[in-house]
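Okay, start02.txt is below, compact mmCIF, C-alpha atoms:
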# COMPACT_ATOMS: atom_id res chain seq x y z
CA GLY T 1 0.00 0.00 0.00
CA ILE T 2 0.89 3.67 -0.10
CA ASN T 3 2.53 5.54 2.76
CA ILE T 4 -0.06 7.26 4.97
CA LEU T 5 0.31 10.00 7.56
CA TRP T 6 -2.37 10.27 10.27
CA GLY T 7 -3.04 13.57 12.01
CA SER T 8 -5.54 12.82 14.80
CA PHE T 9 -6.24 16.01 16.76
CA GLU T 10 -9.38 14.79 18.54
CA ILE T 11 -8.47 11.18 19.44
CA LYS T 12 -5.13 10.23 20.95
CA ASN T 13 -2.87 8.04 18.84
CA THR T 14 -2.97 5.17 21.33
CA ARG T 15 -6.74 4.92 21.05
CA LEU T 16 -6.61 5.33 17.28
CA MET T 17 -4.04 2.56 16.88
CA HIS T 18 -6.06 0.29 19.18
CA LYS T 19 -9.02 0.65 16.81
CA LEU T 20 -6.86 0.21 13.70
CA LEU T 21 -5.33 -2.93 15.18
CA GLN T 22 -8.78 -4.34 15.90
CA GLN T 23 -9.87 -3.61 12.33
CA TYR T 24 -6.68 -5.17 10.99
CA MET T 25 -7.22 -8.33 13.05
CA LYS T 26 -10.96 -8.38 12.21
CA ASP T 27 -11.69 -9.43 15.78
CA VAL T 28 -11.95 -8.08 19.32
CA LEU T 29 -8.52 -7.54 20.86
CA PRO T 30 -7.72 -9.78 23.86
CA VAL T 31 -7.34 -6.96 26.38
CA GLY T 32 -7.61 -7.35 30.15
CA LEU T 33 -6.41 -10.95 30.18
CA ALA T 34 -4.90 -10.55 33.63
CA GLU T 35 -8.34 -9.81 35.11
CA GLU T 36 -10.19 -12.54 33.21
CA ASP T 37 -10.58 -16.14 34.29
CA VAL T 38 -8.65 -17.54 31.31
CA PRO T 39 -6.52 -20.72 31.44
CA GLU T 40 -2.79 -19.98 31.46
CA GLU T 41 -2.12 -21.87 28.24
CA GLU T 42 -4.88 -20.06 26.35
CA ARG T 43 -3.66 -16.75 27.74
CA ARG T 44 -0.14 -17.42 26.45
CA GLN T 45 -1.52 -18.34 23.01
CA GLN T 46 -3.58 -15.16 22.87
CA MET T 47 -0.68 -12.95 23.89
CA ALA T 48 1.65 -14.68 21.42
CA GLY T 49 -0.91 -14.17 18.66
CA LEU T 50 -1.42 -10.53 19.62
CA THR T 51 2.35 -9.94 19.61
CA ALA T 52 2.66 -11.54 16.16
CA LEU T 53 -0.19 -9.38 14.89
CA ALA T 54 1.39 -6.23 16.37
CA ASP T 55 4.70 -7.07 14.67
CA LYS T 56 2.94 -7.34 11.30
CA PHE T 57 0.92 -4.19 11.96
CA GLU T 58 4.17 -2.34 12.65
CA THR T 59 5.37 -3.08 9.11
CA LEU T 60 2.43 -1.25 7.52
CA PRO T 61 3.44 2.05 5.85
CA MET T 62 1.62 4.24 8.38
CA HIS T 63 2.98 7.22 10.28
CA PHE T 64 1.36 9.31 12.99
CA MET T 65 1.69 12.95 13.96
CA LYS T 66 2.27 13.73 17.63
CA PHE T 67 -0.13 16.69 17.65
CA HIS T 68 -3.29 16.52 19.74
CA GLY T 69 -5.95 19.16 20.31
CA GLY T 70 -5.42 22.71 19.10
CA SER T 71 -2.30 22.96 16.92
CA ASP T 72 -0.66 25.58 14.77
CA VAL T 73 -1.42 25.00 11.09
CA ASP T 74 2.12 25.91 10.05
CA ASP T 75 3.55 23.32 12.46
CA VAL T 76 1.22 20.72 10.98
CA LEU T 77 2.33 21.68 7.48
CA ASP T 78 5.97 21.36 8.49
CA ALA T 79 5.29 17.81 9.71
CA MET T 80 3.46 17.01 6.46
CA GLU T 81 6.33 18.35 4.35
CA TYR T 82 8.87 16.35 6.37
CA ALA T 83 6.82 13.16 6.00
CA ALA T 84 6.43 13.69 2.25
CA TYR T 85 10.18 14.26 1.83
CA VAL T 86 11.58 11.64 4.23
CA HIS T 87 8.93 8.90 4.22
CA ASP T 88 7.46 9.47 0.73
CA VAL T 89 3.99 9.90 2.20
CA GLU T 90 1.30 9.99 -0.49
CA HIS T 91 -1.85 10.32 1.63
CA VAL T 92 -2.41 12.58 4.66
CA ILE T 93 -5.50 12.27 6.89
CA LEU T 94 -6.33 15.25 9.13
CA ASP T 95 -9.08 14.66 11.71
CA ASN T 96 -10.44 17.19 12.21
CA MET T 97 -10.43 20.84 11.15
CA GLN T 98 -12.30 22.23 14.18
CA PHE T 99 -10.00 20.63 16.76
CA MET T 100 -6.87 21.61 14.87
CA ILE T 101 -7.62 25.35 14.76
CA SER T 102 -9.34 25.54 18.16
CA ARG T 103 -6.24 26.87 19.95
CA GLN T 104 -5.70 29.61 17.39
CA SER T 105 -9.23 30.92 17.93
CA VAL T 106 -8.66 31.51 21.66
CA GLY T 107 -8.92 35.19 22.39
CA LYS T 108 -10.44 36.01 19.04
CA GLY T 109 -13.54 38.12 19.22
CA SER T 110 -15.96 37.11 16.50
CA SER T 111 -16.96 33.96 14.67
CA TYR T 112 -15.63 35.63 11.53
CA ASP T 113 -12.12 35.17 12.88
CA LYS T 114 -12.68 31.42 13.17
CA PHE T 115 -14.03 31.16 9.63
CA ASP T 116 -11.18 33.31 8.33
CA MET T 117 -8.58 31.06 9.99
CA GLN T 118 -10.32 27.99 8.60
CA ASP T 119 -10.23 29.44 5.09
CA ILE T 120 -6.51 30.20 5.42
CA ALA T 121 -5.83 26.65 6.64
CA VAL T 122 -7.80 25.10 3.77
CA GLU T 123 -5.91 27.26 1.27
CA LYS T 124 -2.56 26.12 2.71
CA PHE T 125 -3.56 22.45 2.61
CA ARG T 126 -4.75 22.83 -0.98
CA LYS T 127 -1.41 24.38 -1.93
CA PHE T 128 0.50 21.59 -0.18
CA ALA T 129 -1.49 18.88 -1.97
CA THR T 130 -0.80 20.49 -5.34
CA GLU T 131 2.91 21.17 -4.82
CA TYR T 132 3.81 17.81 -3.27
CA ASN T 133 1.30 15.70 -5.25
CA VAL T 134 -0.08 14.28 -1.98
CA HIS T 135 -3.71 13.36 -1.39
CA VAL T 136 -5.04 15.21 1.66
CA THR T 137 -8.20 14.00 3.38
CA LEU T 138 -9.55 16.74 5.65
CA VAL T 139 -12.38 15.93 8.05
CA VAL T 140 -14.75 18.86 8.65
CA HIS T 141 -17.67 18.62 11.06
CA PRO T 142 -21.07 19.88 9.91
CA ARG T 143 -22.88 22.84 11.38
CA LYS T 144 -25.83 22.19 13.67
CA GLU T 145 -28.65 20.66 11.68
CA ASP T 146 -32.03 19.17 12.56
CA GLU T 147 -31.83 15.61 13.88
CA GLY T 148 -32.16 13.10 11.04
CA SER T 149 -32.02 15.70 8.26
CA LYS T 150 -29.88 14.96 5.24
CA LEU T 151 -26.65 16.95 5.01
CA GLY T 152 -25.68 18.90 1.91
CA MET T 153 -22.86 21.06 0.58
CA SER T 154 -24.07 23.98 2.70
CA SER T 155 -23.97 21.89 5.89
CA PHE T 156 -20.21 22.17 6.38
CA TYR T 157 -19.06 24.28 9.31
CA GLY T 158 -17.57 27.61 8.23
CA SER T 159 -17.58 29.16 4.79
CA ALA T 160 -17.75 27.44 1.42
CA LYS T 161 -13.96 27.51 1.05
CA ALA T 162 -13.48 23.86 2.09
CA THR T 163 -15.92 22.48 -0.48
CA GLN T 164 -14.73 24.85 -3.20
CA GLU T 165 -11.07 23.86 -2.88
CA ALA T 166 -11.78 20.13 -2.53
CA ASP T 167 -11.58 17.79 -5.51
CA THR T 168 -13.93 15.33 -3.82
CA VAL T 169 -16.57 15.93 -1.14
CA ILE T 170 -17.85 12.88 0.74
CA ILE T 171 -20.48 13.15 3.49
CA LEU T 172 -21.21 10.49 6.10
CA GLN T 173 -25.01 10.56 6.23
CA ASN T 174 -27.25 9.28 9.01
CA ASP T 175 -30.99 9.74 8.53
CA GLY T 176 -31.89 7.92 11.75
CA LYS T 177 -32.56 4.62 9.99
CA ARG T 178 -29.36 3.96 8.09
CA LYS T 179 -25.84 5.22 7.48
CA PHE T 180 -24.32 5.73 4.07
CA VAL T 181 -21.46 7.49 2.30
CA ASP T 182 -22.74 10.22 -0.01
CA VAL T 183 -20.43 11.53 -2.76
CA LYS T 184 -21.49 15.15 -3.30
CA LYS T 185 -18.63 16.39 -5.49
CA ASN T 186 -16.27 14.66 -7.88
CA ARG T 187 -14.01 16.96 -9.84
CA PHE T 188 -12.40 14.16 -11.85
CA ASP T 189 -15.31 12.65 -13.78
CA GLY T 190 -18.42 14.04 -12.06
CA THR T 191 -19.74 10.66 -10.93
CA LEU T 192 -21.90 11.02 -7.81
CA GLY T 193 -23.81 8.51 -5.69
CA HIS T 194 -24.00 6.83 -2.33
CA VAL T 195 -22.92 3.54 -0.72
CA PRO T 196 -24.62 2.00 2.34
CA LEU T 197 -22.60 1.44 5.51
CA HIS T 198 -23.13 -1.40 7.99
CA PHE T 199 -21.14 -1.55 11.22
CA GLN T 200 -19.47 -4.82 12.16
CA ARG T 201 -19.19 -4.91 15.94
CA LYS T 202 -16.61 -7.68 16.15
CA SER T 203 -14.09 -6.17 13.76
CA GLY T 204 -14.97 -2.49 14.26
CA ARG T 205 -15.21 -2.10 10.49
CA TYR T 206 -17.86 -0.74 8.15
CA SER T 207 -18.94 -2.71 5.08
CA GLU T 208 -21.41 -2.37 2.24
CA THR T 209 -23.33 -5.47 3.33
CA PRO T 210 -24.72 -6.25 6.81
CA GLU T 211 -23.26 -9.00 8.97
CA ALA T 212 -24.82 -12.42 8.52
CA ASN T 213 -25.57 -12.81 12.25
CA ALA T 214 -25.97 -9.14 13.09
CA PRO T 215 -28.46 -8.44 15.91
CA PRO T 216 -31.60 -6.52 14.94
CA ARG T 217 -31.23 -2.76 15.10
CA THR T 218 -32.80 -1.19 18.17
CA VAL T 219 -35.36 1.50 17.36
CA ILE T 220 -36.18 3.86 20.22
CA PRO T 221 -39.88 4.83 20.21
CA ASN T 222 -40.85 8.48 20.31
CA GLY T 223 -40.96 9.86 23.82
CA VAL T 224 -38.69 7.18 25.30
CA SER T 225 -35.32 8.34 26.62
CA ALA T 226 -32.27 6.76 25.05
CA MET T 227 -30.58 6.73 28.46
CA ASN T 228 -32.71 3.75 29.46
CA GLY T 229 -30.58 1.53 27.29
CA VAL T 230 -27.17 2.86 28.21
CA HIS T 231 -26.44 0.36 30.99
CA SER T 232 -27.18 -2.72 28.91
CA GLN T 233 -25.24 -1.25 26.01
CA VAL T 234 -22.16 -0.82 28.17
CA ASN T 235 -22.48 -4.32 29.60
CA GLY T 236 -22.87 -5.72 26.12
CA THR T 237 -19.68 -3.97 25.05
CA ALA T 238 -17.81 -5.39 28.03
CA ARG T 239 -18.92 -8.90 27.18
CA ALA T 240 -17.90 -8.44 23.56
CA SER T 241 -14.44 -7.26 24.65
CA ALA T 242 -13.97 -10.42 26.71
CA SER T 243 -15.04 -12.82 23.95
CA ALA T 244 -11.90 -12.66 21.87
CA SER T 245 -11.23 -15.57 19.58
CA SER T 246 -8.57 -18.01 20.71
CA VAL T 247 -7.45 -18.98 17.23
CA TYR T 248 -4.51 -16.59 17.20
CA HIS T 249 -1.95 -19.07 15.87
CA GLU T 250 -3.47 -18.56 12.39
CA ILE T 251 -3.00 -14.80 12.42
CA ARG T 252 0.02 -14.78 10.15
CA ASN T 253 -1.93 -16.69 7.50
CA GLN T 254 -5.01 -14.51 7.89
CA HIS T 255 -3.04 -11.26 7.43
CA PRO T 256 -0.48 -11.67 4.64
CA TYR T 257 1.78 -8.80 3.72
Show me, as structure tokens, the structure contained in the file I just sent.
Amino acid sequence: GINILWGSFEIKNTRLMHKLLQQYMKDVLPVGLAEEDVPEEERRQQMAGLTALADKFETLPMHFMKFHGGSDVDDVLDAMEYAAYVHDVEHVILDNMQFMISRQSVGKGSSYDKFDMQDIAVEKFRKFATEYNVHVTLVVHPRKEDEGSKLGMSSFYGSAKATQEADTVIILQNDGKRKFVDVKKNRFDGTLGHVPLHFQRKSGRYSETPEANAPPRTVIPNGVSAMNGVHSQVNGTARASASASSVYHEIRNQHPY
């Protein structure tokens, strides 16, 4: 694959890599083995399998920025330029715009200042992508919209600069019943459309088709608080985390280079 640089300003790298490792393994990670009532032999097999998987994951051409929270855009650009020159990075993912420029907006008076800084940042990222021939994926949160309403090109937070400079605009839609990727702009050939997304709890991945044994989706009736189901949801997550597969000796065959 191509060399990728992650810039995660909202989620710490440790948590991000934990999720990426789970998706790479396509299974729940065997965490908390010391607290679980697991036979010693099975525990050793699981840890050996996890170590083998981590060794293979380490060979993937992925790099991570050390920034977190509000960061100076010029410092981020310096890191991107270094990665493109030293590591031949071809794809940069920045998640997300609002968290990255949050520190620079401290002490600024009006919302115009925030939008102005966002426009300047987008312009700099566009220039970097053109000069270094690097694909830049920039995550931008939407403005406040009505619950369940479909997002459009005008739903992006800030001015229209981000969508104007972008070659491709992809929106993650959620209408309350389903999730899907909606391609709103395609500067290359103009092809637009949408692809359904189905979450796979075990692997933490999204796919175009639902899981074969996926549990039925819970629909909360009108007037019923969603907090009523929080406790069982958390317990269900805990049980899922403890039900890691023990077939870790086949990991190297399941994840070829």
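Between CA of Thr59 (chain T) and CA of Tyr24 (chain T) there is a distance of 12.4 Å.
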| task | In Å, rounded to a single decimal, give me how far CA of Leu29 (chain T) is from CA of Phe180 (chain T). | result | 26.6 Å
| What is the distance between CA of Tyr85 (chain T) and CA of Leu16 (chain T), in Å to one decimal? | 24.5 Å
| query | So, counting only C-alpha atoms, which residue among T:Ala166, T:Val134, T:Ala52, T:Ala121 is closest to Val76 (chain T)? | reply | T:Ala121
| task | Using only C-alpha atoms, collect all residues at a distance of at most 12 Å from (-15.0, 25.7, -3.8) as written in the file, then present them as a ChimeraX atom specification. | result | /T:119,122-123,126,153-154,156,159-169,185-187
Can you list every residue of region 168-217 of chain T that has an atom at most 7 Å from region 141-152 of chain T, with its nearest atom pair and the distance in Å to one decimal, using all atoms listed in the file, ordered by chain then number, as JSON lines?
{"residue": "T:Gln173", "atom": "CA", "partner": "T:Lys150", "partner_atom": "CA", "distance": 6.6}
{"residue": "T:Asn174", "atom": "CA", "partner": "T:Gly148", "partner_atom": "CA", "distance": 6.5}
{"residue": "T:Asp175", "atom": "CA", "partner": "T:Gly148", "partner_atom": "CA", "distance": 4.4}
{"residue": "T:Gly176", "atom": "CA", "partner": "T:Gly148", "partner_atom": "CA", "distance": 5.2}
| field | Residue contacts of His135 (chain T) (8 Å, all atoms listed in the file) excluding same-chain residues fewer than 5 positions away, as a count of residues only | value | 4
| note | In terms of only C-alpha atoms, the residue from T:Leu53, T:Val195, T:Leu172, T:Met117 at minimal distance from Gly158 (chain T) is T:Met117
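Considering all atoms listed in the file, the residue among T:Ser71, T:Gln23, T:Asn3, T:Ser8 positioned nearest to Gly204 (chain T) is T:Gln23.
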